[in-house]
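Visitor: Got a file for you: target.txt, compact mmCIF, C-alpha atoms.
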```txt
# COMPACT_ATOMS: atom_id res chain seq x y z
CA MET A 1 -31.90 0.69 9.24
CA LEU A 2 -28.73 2.25 7.85
CA GLU A 3 -25.33 1.59 9.40
CA ARG A 4 -23.77 4.26 11.60
CA HIS A 5 -21.69 6.85 9.71
CA ARG A 6 -23.47 6.02 6.44
CA LEU A 7 -23.79 9.10 4.22
CA VAL A 8 -27.14 9.68 2.54
CA TYR A 9 -27.84 11.76 -0.55
CA LEU A 10 -31.40 13.02 -0.98
CA ASP A 11 -33.48 14.02 -3.97
CA PRO A 12 -33.36 17.84 -4.22
CA ALA A 13 -36.90 17.82 -5.62
CA ARG A 14 -38.17 16.35 -2.34
CA TRP A 15 -36.08 18.42 0.09
CA GLY A 16 -38.48 21.37 0.11
CA LYS A 17 -41.40 19.19 1.15
CA ILE A 18 -39.31 17.57 3.88
CA LEU A 19 -38.21 20.97 5.20
CA ALA A 20 -41.81 22.20 5.25
CA THR A 21 -42.27 20.01 8.34
CA TYR A 22 -39.31 21.78 10.01
CA PRO A 23 -40.24 25.48 9.58
CA THR A 24 -37.52 26.80 11.89
CA LEU A 25 -34.82 24.97 9.95
CA GLN A 26 -36.39 25.84 6.60
CA ALA A 27 -35.63 29.50 7.35
CA MET A 28 -31.88 28.81 7.57
CA PRO A 29 -30.29 29.39 4.12
CA ILE A 30 -27.51 26.85 4.66
CA VAL A 31 -30.10 24.16 5.44
CA ALA A 32 -32.49 25.15 2.66
CA ASP A 33 -29.66 24.92 0.11
CA TRP A 34 -27.98 21.82 1.57
CA VAL A 35 -29.31 19.10 -0.70
CA ALA A 36 -29.23 21.20 -3.88
CA ALA A 37 -25.52 21.74 -3.17
CA ARG A 38 -25.09 17.93 -3.34
CA ARG A 39 -24.18 17.65 0.32
CA PRO A 40 -25.08 14.48 2.23
CA LEU A 41 -26.85 13.87 5.48
CA ILE A 42 -25.78 11.07 7.81
CA ALA A 43 -27.56 8.07 9.26
CA ARG A 44 -28.48 8.36 12.93
CA ARG A 45 -30.18 6.15 15.46
CA PRO A 46 -33.97 6.45 15.66
CA VAL A 47 -35.62 8.14 18.63
CA CYS A 48 -39.14 7.84 19.96
CA ASP A 49 -40.24 11.04 18.20
CA ASP A 50 -39.46 9.63 14.75
CA ALA A 51 -42.55 8.67 12.77
CA ALA A 52 -42.87 5.05 11.68
CA GLY A 53 -41.66 4.33 8.17
CA LEU A 54 -39.28 7.29 7.97
CA VAL A 55 -35.49 7.10 7.80
CA PRO A 56 -33.69 8.97 10.63
CA LEU A 57 -30.90 11.24 9.41
CA GLY A 58 -28.65 13.90 10.90
CA LEU A 59 -27.08 17.08 9.58
CA PRO A 60 -24.12 18.49 11.56
CA LEU A 61 -23.65 22.18 10.77
CA PRO A 62 -20.20 23.82 10.79
CA PRO A 63 -19.05 25.88 13.80
CA SER A 64 -19.57 29.14 11.88
CA VAL A 65 -23.33 28.64 12.15
CA GLY A 66 -23.40 27.26 15.66
CA LYS A 67 -22.14 23.68 15.27
CA GLN A 68 -25.69 22.39 15.62
CA ARG A 69 -26.61 18.76 15.05
CA LEU A 70 -29.94 18.74 13.27
CA ALA A 71 -32.24 15.73 13.15
CA PHE A 72 -34.51 14.84 10.25
CA ALA A 73 -36.72 11.87 9.37
CA VAL A 74 -37.32 11.38 5.66
CA PRO A 75 -39.38 9.00 3.51
CA PRO A 76 -37.30 6.21 1.95
CA GLU A 77 -38.25 7.34 -1.57
CA ALA A 78 -36.45 10.66 -0.97
CA ILE A 79 -33.11 8.83 -0.79
CA LEU A 80 -31.08 8.73 -4.01
CA SER A 81 -28.08 6.84 -2.63
CA ASP A 82 -26.13 5.99 0.50
CA VAL A 83 -22.37 5.49 0.75
CA PRO A 84 -19.77 4.77 3.45
CA PRO A 85 -17.76 7.61 4.99
CA PRO A 86 -14.84 8.79 2.82
CA LEU A 87 -11.48 7.09 2.79
CA LEU A 88 -8.92 8.96 4.88
CA ALA A 89 -6.66 9.03 1.82
CA ASP A 90 -9.28 11.08 -0.05
CA THR A 91 -9.48 13.73 2.67
CA VAL A 92 -5.79 14.31 3.25
CA ARG A 93 -5.42 17.41 1.07
CA GLY A 94 -7.91 19.29 3.23
CA ALA A 95 -6.23 18.39 6.52
CA PRO A 96 -4.01 20.80 8.48
CA ILE A 97 -0.33 20.63 7.57
CA ALA A 98 0.52 19.58 11.13
CA TRP A 99 -1.64 16.45 10.69
CA GLN A 100 -0.11 15.28 7.42
CA GLU A 101 2.61 13.02 8.81
CA THR A 102 0.18 11.36 11.23
CA ILE A 103 -2.41 10.84 8.50
CA ALA A 104 0.24 9.31 6.23
CA ALA A 105 1.08 6.83 9.00
CA PHE A 106 -2.56 5.80 9.38
CA ILE A 107 -2.94 5.32 5.64
CA ALA A 108 0.24 3.24 5.51
CA LEU A 109 -1.09 1.12 8.38
CA ASP A 110 -4.44 0.53 6.64
CA PRO A 111 -5.28 2.12 3.25
CA GLU A 112 -8.96 1.32 3.93
CA THR A 113 -9.07 3.61 6.97
CA ARG A 114 -12.19 5.77 6.72
CA CYS A 115 -12.80 9.22 8.13
CA PHE A 116 -15.80 10.83 9.81
CA GLY A 117 -16.16 13.96 11.92
CA SER A 118 -14.82 17.42 11.12
CA LEU A 119 -12.24 16.44 8.50
CA ALA A 120 -14.76 14.30 6.61
CA TRP A 121 -17.42 17.02 6.61
CA ALA A 122 -14.93 19.65 5.45
CA HIS A 123 -13.98 17.31 2.59
CA LEU A 124 -17.59 16.48 1.70
CA THR A 125 -18.99 20.01 1.79
CA GLY A 126 -16.11 22.46 1.31
CA LEU A 127 -17.29 24.26 4.47
CA PRO A 128 -15.02 25.23 7.41
CA TYR A 129 -15.61 22.45 9.94
CA LEU A 130 -12.04 22.16 11.20
CA SER A 131 -10.76 24.13 14.19
CA GLU A 132 -7.77 24.06 16.53
CA THR A 133 -9.70 21.74 18.85
CA SER A 134 -10.84 19.26 16.18
CA ASP A 135 -10.12 15.56 16.67
CA LEU A 136 -9.14 13.16 13.92
CA ASP A 137 -12.12 10.80 13.71
CA LEU A 138 -11.42 7.47 12.02
CA VAL A 139 -13.08 4.10 11.59
CA TRP A 140 -11.61 0.68 10.84
CA HIS A 141 -13.51 -2.46 9.84
CA VAL A 142 -11.81 -5.46 11.43
CA SER A 143 -12.76 -9.12 11.11
CA THR A 144 -11.12 -10.79 14.15
CA ALA A 145 -10.09 -10.04 17.72
CA ASP A 146 -6.43 -10.78 16.89
CA ALA A 147 -6.48 -8.31 14.00
CA ALA A 148 -8.08 -5.69 16.26
CA ALA A 149 -5.38 -6.23 18.91
CA ARG A 150 -2.62 -5.74 16.34
CA LEU A 151 -4.37 -2.64 15.01
CA VAL A 152 -4.76 -0.91 18.38
CA ALA A 153 -1.13 -1.61 19.25
CA ALA A 154 -0.08 0.18 16.05
CA LEU A 155 -2.58 2.99 16.66
CA ALA A 156 -1.14 3.58 20.12
CA ARG A 157 2.36 3.98 18.67
CA ILE A 158 1.16 6.53 16.09
CA ASP A 159 -1.07 8.33 18.58
CA ALA A 160 1.82 8.80 21.02
CA GLY A 161 3.52 11.26 18.68
CA ALA A 162 0.46 12.76 17.00
CA PRO A 163 -0.30 16.51 17.12
CA VAL A 164 -4.04 15.79 17.09
CA ARG A 165 -6.22 13.61 19.31
CA LEU A 166 -7.22 10.36 17.63
CA ASP A 167 -10.88 9.46 18.15
CA GLY A 168 -11.54 6.22 16.32
CA GLU A 169 -13.81 3.20 16.25
CA ILE A 170 -13.20 -0.44 15.48
CA VAL A 171 -16.18 -2.04 13.73
CA THR A 172 -16.85 -5.78 13.60
CA PRO A 173 -18.44 -7.68 10.69
CA THR A 174 -21.74 -7.65 12.63
CA GLY A 175 -21.70 -3.86 12.93
CA LEU A 176 -20.65 -3.52 16.57
CA ALA A 177 -18.33 -0.56 17.14
CA VAL A 178 -15.99 0.13 20.05
CA GLN A 179 -13.67 3.05 20.73
CA TRP A 180 -10.12 1.96 20.00
CA ARG A 181 -8.86 3.16 23.39
CA GLU A 182 -11.46 1.04 25.17
CA PHE A 183 -10.48 -2.02 23.14
CA ALA A 184 -6.83 -1.28 23.96
CA SER A 185 -7.62 -1.50 27.69
CA ASP A 186 -7.84 -4.80 29.53
CA ALA A 187 -11.41 -4.24 30.70
CA PRO A 188 -13.44 -7.49 30.61
CA GLU A 189 -16.52 -5.57 29.40
CA MET A 190 -16.73 -2.83 26.77
CA LEU A 191 -19.29 -0.27 25.69
CA VAL A 192 -20.24 -0.99 22.07
CA LYS A 193 -22.35 1.06 19.66
CA ALA A 194 -24.74 -0.32 17.07
CA ALA A 195 -27.43 1.06 14.82
CA ASP A 196 -30.07 0.17 17.42
CA GLY A 197 -28.28 1.63 20.46
CA ASN A 198 -25.40 1.24 22.90
CA ARG A 199 -24.78 -1.62 25.32
CA MET A 200 -22.12 -3.28 27.44
CA ILE A 201 -20.84 -6.66 26.27
CA ALA A 202 -18.09 -9.02 27.38
CA ARG A 203 -14.83 -8.57 25.49
CA THR A 204 -15.01 -12.22 24.43
CA GLU A 205 -18.35 -11.54 22.67
CA MET A 206 -17.12 -8.66 20.54
CA PHE A 207 -16.12 -10.86 17.61
CA ALA A 208 -18.21 -13.91 18.50
```
Reformat the file's structure so that it appears as structure tokens.
Guide:
Amino acid sequence: MLERHRLVYLDPARWGKILATYPTLQAMPIVADWVAARRPLIARRPVCDDAAGLVPLGLPLPPSVGKQRLAFAVPPEAILSDVPPPLLADTVRGAPIAWQETIAAFIALDPETRCFGSLAWAHLTGLPYLSETSDLDLVWHVSTADAAARLVAALARIDAGAPVRLDGEIVTPTGLAVQWREFASDAPEMLVKAADGNRMIARTEMFA
């Protein structure tokens, strides 16, 4: 099972056969050409409709074609490679001018900050994903509760003056992810996300 936010590149020679099982989607030119254009899909959680032995993937389309989130399940041999989401530093040139100062602050705070969501997909595909209502979606890998506490305190300071809403996740070494605002609260329990689903855990167990 692939980690959340993992980007997956498929073999173009196999894409046609995969799409043949999704005839409605096969008729959409942007979808039919997606893999040949060297655009990735993204790992998603499995659902009960997914056939055994197939890898569940998602494909979020840009707003210009309806902002649909398409679901696919592909054979493992169709996967050429999988990579983490892009570094925020690599996406900065495609970000709105109004975001630049905020993005620079996040990069200065942690050069390993990674980006998902609209800005990442615009960077990865060259398609118009960004809009006036887009959030800045970021992810940080953190090893300890103390480091996470220091991080969210710094994020709150940057977020207070930001022109864009920050929607970010803190990820532990075991793959548990929590929204940074929830970690910043003093709630004794938090909703965490993992590759196999969401659940509530005690704050003390987050980095246990």
Visitor: When you count all atoms listed in the file, which of these residues is closest to Leu124 (chain A): A:Pro111, A:Gly161, A:Pro60, A:Pro46?
Guide: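 Going through A:Pro111, A:Gly161, A:Pro60, A:Pro46 one by one, the smallest distance to Leu124 (chain A) is for A:Pro60.
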Visitor: So which one's closest to Leu151 (chain A), A:Arg181, A:Arg203, A:Arg165, A:Arg114? Using only C-alpha atoms, please.
Guide: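 Comparing A:Arg181, A:Arg203, A:Arg165, A:Arg114 against Leu151 (chain A), the winner is A:Arg181.
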Visitor: My list of candidates is A:His141, A:Val164, A:Phe72, A:Ala184. Which is closest to Thr21 (chain A) when distances are computed with all atoms listed in the file?
Guide: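 Among the listed residues, the smallest separation from Thr21 (chain A) belongs to A:Phe72.
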Visitor: Quick one: pull the distance between CA of Ile201 (chain A) and CA of Trp180 (chain A), Å, one decimal.
Guide: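 Separation between CA of Ile201 (chain A) and CA of Trp180 (chain A): 15.1 Å.
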Visitor: Identify the residues around (-10.3, -9.8, 30.5) within a radius of 10 Å, measuring from only C-alpha atoms in the coordinates stated by the file, and give them as a PyMOL selection string.
Guide: chain A and resi 185-189+202-204
Visitor: Which one is closest to Gly94 (chain A): A:Leu109, A:Ala71, A:Ala51, A:Leu127? Count all atoms listed in the file.
Guide: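 Smallest distance to Gly94 (chain A) is found for A:Leu127.
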Visitor: Determine, using all atoms listed in the file, which residues of region 8-39 of chain A have any atom at most 12 Å from an atom of region 63-67 of chain A, and tabulate each with its shortest atom pair and distance in Å to one decimal place, rows ordered by chain and then rising number, as a tab-separated table.
Guide:
```
residue	atom	partner	partner_atom	distance
A:Met28	CA	A:Val65	CA	9.7
A:Pro29	CA	A:Val65	CA	10.7
A:Ile30	CA	A:Val65	CA	8.8
A:Val31	CA	A:Val65	CA	10.5
```
Visitor: Rank nothing, just name the residue among A:Leu138, A:Ala89, A:Ala98, A:Leu70 nearest to Gln26 (chain A), using only C-alpha atoms.
Guide: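 Between A:Leu138, A:Ala89, A:Ala98, A:Leu70, the residue approaching Gln26 (chain A) most closely is A:Leu70.
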Visitor: How many Å lie between CA of Val35 (chain A) and CA of Leu10 (chain A), rounded to one decimal?
Guide: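 Between CA of Val35 (chain A) and CA of Leu10 (chain A) the gap is 6.4 Å.
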Visitor: One decimal, in Å: what's the spacing between CA of Ala52 (chain A) and CA of Glu77 (chain A)?
Guide: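 Taking CA of Ala52 (chain A) and CA of Glu77 (chain A), their separation equals 14.2 Å.
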Visitor: Here is a test: counting only C-alpha atoms, which residue of A:Val74, A:Val47, A:Met1, A:Leu61 is nearest to Gly16 (chain A)?
Guide: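 Checking each of A:Val74, A:Val47, A:Met1, A:Leu61 against Gly16 (chain A), counting only C-alpha atoms, the winner is A:Val74.
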Visitor: Name all residues at most 12 Å from Thr144 (chain A) (count all atoms listed in the file; drop same-chain ones fewer than 6 positions away) and give them as a ChimeraX atom specification.
Guide: /A:150-151,170-174,204-208
Visitor: Counting only C-alpha atoms, I want the residues whose atoms come within 9 Å of (-34.0, 12.3, -3.1) in the file frame, returned as a PyMOL selection string.
Guide: chain A and resi 9-15+35+76-81
Visitor: Next, the residues of the selection above should be written as a PDB file, in the frame of the given file with C-alpha atoms.
Guide:
```
ATOM      1  CA  TYR A   9     -27.840  11.760  -0.550  1.00  0.00           C
ATOM      2  CA  LEU A  10     -31.400  13.020  -0.980  1.00  0.00           C
ATOM      3  CA  ASP A  11     -33.480  14.020  -3.970  1.00  0.00           C
ATOM      4  CA  PRO A  12     -33.360  17.840  -4.220  1.00  0.00           C
ATOM      5  CA  ALA A  13     -36.900  17.820  -5.620  1.00  0.00           C
ATOM      6  CA  ARG A  14     -38.170  16.350  -2.340  1.00  0.00           C
ATOM      7  CA  TRP A  15     -36.080  18.420   0.090  1.00  0.00           C
ATOM      8  CA  VAL A  35     -29.310  19.100  -0.700  1.00  0.00           C
ATOM      9  CA  PRO A  76     -37.300   6.210   1.950  1.00  0.00           C
ATOM     10  CA  GLU A  77     -38.250   7.340  -1.570  1.00  0.00           C
ATOM     11  CA  ALA A  78     -36.450  10.660  -0.970  1.00  0.00           C
ATOM     12  CA  ILE A  79     -33.110   8.830  -0.790  1.00  0.00           C
ATOM     13  CA  LEU A  80     -31.080   8.730  -4.010  1.00  0.00           C
ATOM     14  CA  SER A  81     -28.080   6.840  -2.630  1.00  0.00           C
TER      15      SER A  81
END
```
Visitor: Any chance you could work out the axis-aligned box around region 18-34 of chain A, listed atoms only, 5 Å on each side, giving centre and edge lengths in Å to one decimal, as AutoDock Vina command-line options?
Guide:
```
--center_x -34.9 --center_y 23.5 --center_z 6.0 --size_x 24.8 --size_y 21.9 --size_z 21.8
```
Visitor: I'd like the contact shell of Asp110 (chain A) - 10 Å cut-off, only C-alpha atoms, skipping same-chain residues fewer than 6 positions apart - returned as number ranges by chain.
Guide: A: 88, 104, 140, 151
Visitor: Please write the residues from the selection above to a file, keeping C-alpha atoms, as a compact mmCIF listing (two decimals), keeping the file's coordinate frame.
Guide:
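Written file, again_38.txt:
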```
# COMPACT_ATOMS: atom_id res chain seq x y z
CA LEU A 88 -8.92 8.96 4.88
CA ALA A 104 0.24 9.31 6.23
CA TRP A 140 -11.61 0.68 10.84
CA LEU A 151 -4.37 -2.64 15.01
```
Visitor: Extract, using all atoms listed in the file, all DNA, RNA and protein residues at most 6 Å from Glu169 (chain A), discarding same-chain residues fewer than 4 positions from it, and format them as a PyMOL selection string.
Guide: chain A and resi 139+177-180
Visitor: Place N, CA, C and O atoms on region 141-159 of chain A and deliver the coordinates as an mmCIF file, in the frame of the given file.
Guide:
```cif
data_model
loop_
_atom_site.group_PDB
_atom_site.id
_atom_site.type_symbol
_atom_site.label_atom_id
_atom_site.label_comp_id
_atom_site.auth_asym_id
_atom_site.auth_seq_id
_atom_site.Cartn_x
_atom_site.Cartn_y
_atom_site.Cartn_z
ATOM 1 N N HIS A 141 -12.729 -1.222 9.842
ATOM 2 C CA HIS A 141 -13.510 -2.460 9.840
ATOM 3 C C HIS A 141 -12.532 -3.628 10.005
ATOM 4 O O HIS A 141 -11.610 -3.800 9.196
ATOM 5 N N VAL A 142 -12.742 -4.399 11.053
ATOM 6 C CA VAL A 142 -11.810 -5.460 11.430
ATOM 7 C C VAL A 142 -12.599 -6.753 11.589
ATOM 8 O O VAL A 142 -13.714 -6.751 12.116
ATOM 9 N N SER A 143 -12.005 -7.861 11.153
ATOM 10 C CA SER A 143 -12.760 -9.120 11.110
ATOM 11 C C SER A 143 -12.529 -10.033 12.308
ATOM 12 O O SER A 143 -13.368 -10.892 12.597
ATOM 13 N N THR A 144 -11.403 -9.884 13.029
ATOM 14 C CA THR A 144 -11.120 -10.790 14.150
ATOM 15 C C THR A 144 -10.555 -10.016 15.330
ATOM 16 O O THR A 144 -10.029 -8.905 15.190
ATOM 17 N N ALA A 145 -10.630 -10.649 16.511
ATOM 18 C CA ALA A 145 -10.090 -10.040 17.720
ATOM 19 C C ALA A 145 -8.568 -9.880 17.621
ATOM 20 O O ALA A 145 -8.011 -8.874 18.085
ATOM 21 N N ASP A 146 -7.895 -10.863 17.032
ATOM 22 C CA ASP A 146 -6.430 -10.780 16.890
ATOM 23 C C ASP A 146 -6.042 -9.601 16.001
ATOM 24 O O ASP A 146 -5.093 -8.868 16.301
ATOM 25 N N ALA A 147 -6.771 -9.427 14.897
ATOM 26 C CA ALA A 147 -6.480 -8.310 14.000
ATOM 27 C C ALA A 147 -6.736 -6.977 14.702
ATOM 28 O O ALA A 147 -5.987 -6.011 14.529
ATOM 29 N N ALA A 148 -7.786 -6.915 15.518
ATOM 30 C CA ALA A 148 -8.080 -5.690 16.260
ATOM 31 C C ALA A 148 -6.979 -5.396 17.273
ATOM 32 O O ALA A 148 -6.588 -4.231 17.457
ATOM 33 N N ALA A 149 -6.448 -6.427 17.935
ATOM 34 C CA ALA A 149 -5.380 -6.230 18.910
ATOM 35 C C ALA A 149 -4.122 -5.693 18.234
ATOM 36 O O ALA A 149 -3.449 -4.794 18.753
ATOM 37 N N ARG A 150 -3.788 -6.232 17.071
ATOM 38 C CA ARG A 150 -2.620 -5.740 16.340
ATOM 39 C C ARG A 150 -2.833 -4.292 15.896
ATOM 40 O O ARG A 150 -1.919 -3.464 15.944
ATOM 41 N N LEU A 151 -4.060 -3.989 15.466
ATOM 42 C CA LEU A 151 -4.370 -2.640 15.010
ATOM 43 C C LEU A 151 -4.219 -1.630 16.134
ATOM 44 O O LEU A 151 -3.567 -0.601 15.969
ATOM 45 N N VAL A 152 -4.806 -1.902 17.302
ATOM 46 C CA VAL A 152 -4.760 -0.910 18.380
ATOM 47 C C VAL A 152 -3.341 -0.724 18.900
ATOM 48 O O VAL A 152 -2.981 0.377 19.343
ATOM 49 N N ALA A 153 -2.521 -1.761 18.842
ATOM 50 C CA ALA A 153 -1.130 -1.610 19.250
ATOM 51 C C ALA A 153 -0.405 -0.627 18.327
ATOM 52 O O ALA A 153 0.357 0.237 18.776
ATOM 53 N N ALA A 154 -0.680 -0.745 17.015
ATOM 54 C CA ALA A 154 -0.080 0.180 16.050
ATOM 55 C C ALA A 154 -0.662 1.580 16.208
ATOM 56 O O ALA A 154 0.061 2.582 16.096
ATOM 57 N N LEU A 155 -1.952 1.676 16.467
ATOM 58 C CA LEU A 155 -2.580 2.990 16.660
ATOM 59 C C LEU A 155 -1.969 3.702 17.862
ATOM 60 O O LEU A 155 -1.734 4.925 17.820
ATOM 61 N N ALA A 156 -1.716 2.982 18.922
ATOM 62 C CA ALA A 156 -1.140 3.580 20.120
ATOM 63 C C ALA A 156 0.237 4.165 19.832
ATOM 64 O O ALA A 156 0.581 5.238 20.336
ATOM 65 N N ARG A 157 1.024 3.470 19.006
ATOM 66 C CA ARG A 157 2.360 3.980 18.670
ATOM 67 C C ARG A 157 2.247 5.281 17.858
ATOM 68 O O ARG A 157 2.990 6.236 18.092
ATOM 69 N N ILE A 158 1.323 5.314 16.899
ATOM 70 C CA ILE A 158 1.160 6.530 16.090
ATOM 71 C C ILE A 158 0.587 7.655 16.941
ATOM 72 O O ILE A 158 1.037 8.805 16.875
ATOM 73 N N ASP A 159 -0.397 7.324 17.761
ATOM 74 C CA ASP A 159 -1.070 8.330 18.580
ATOM 75 C C ASP A 159 -0.102 8.994 19.563
ATOM 76 O O ASP A 159 -0.259 10.184 19.879
#
```
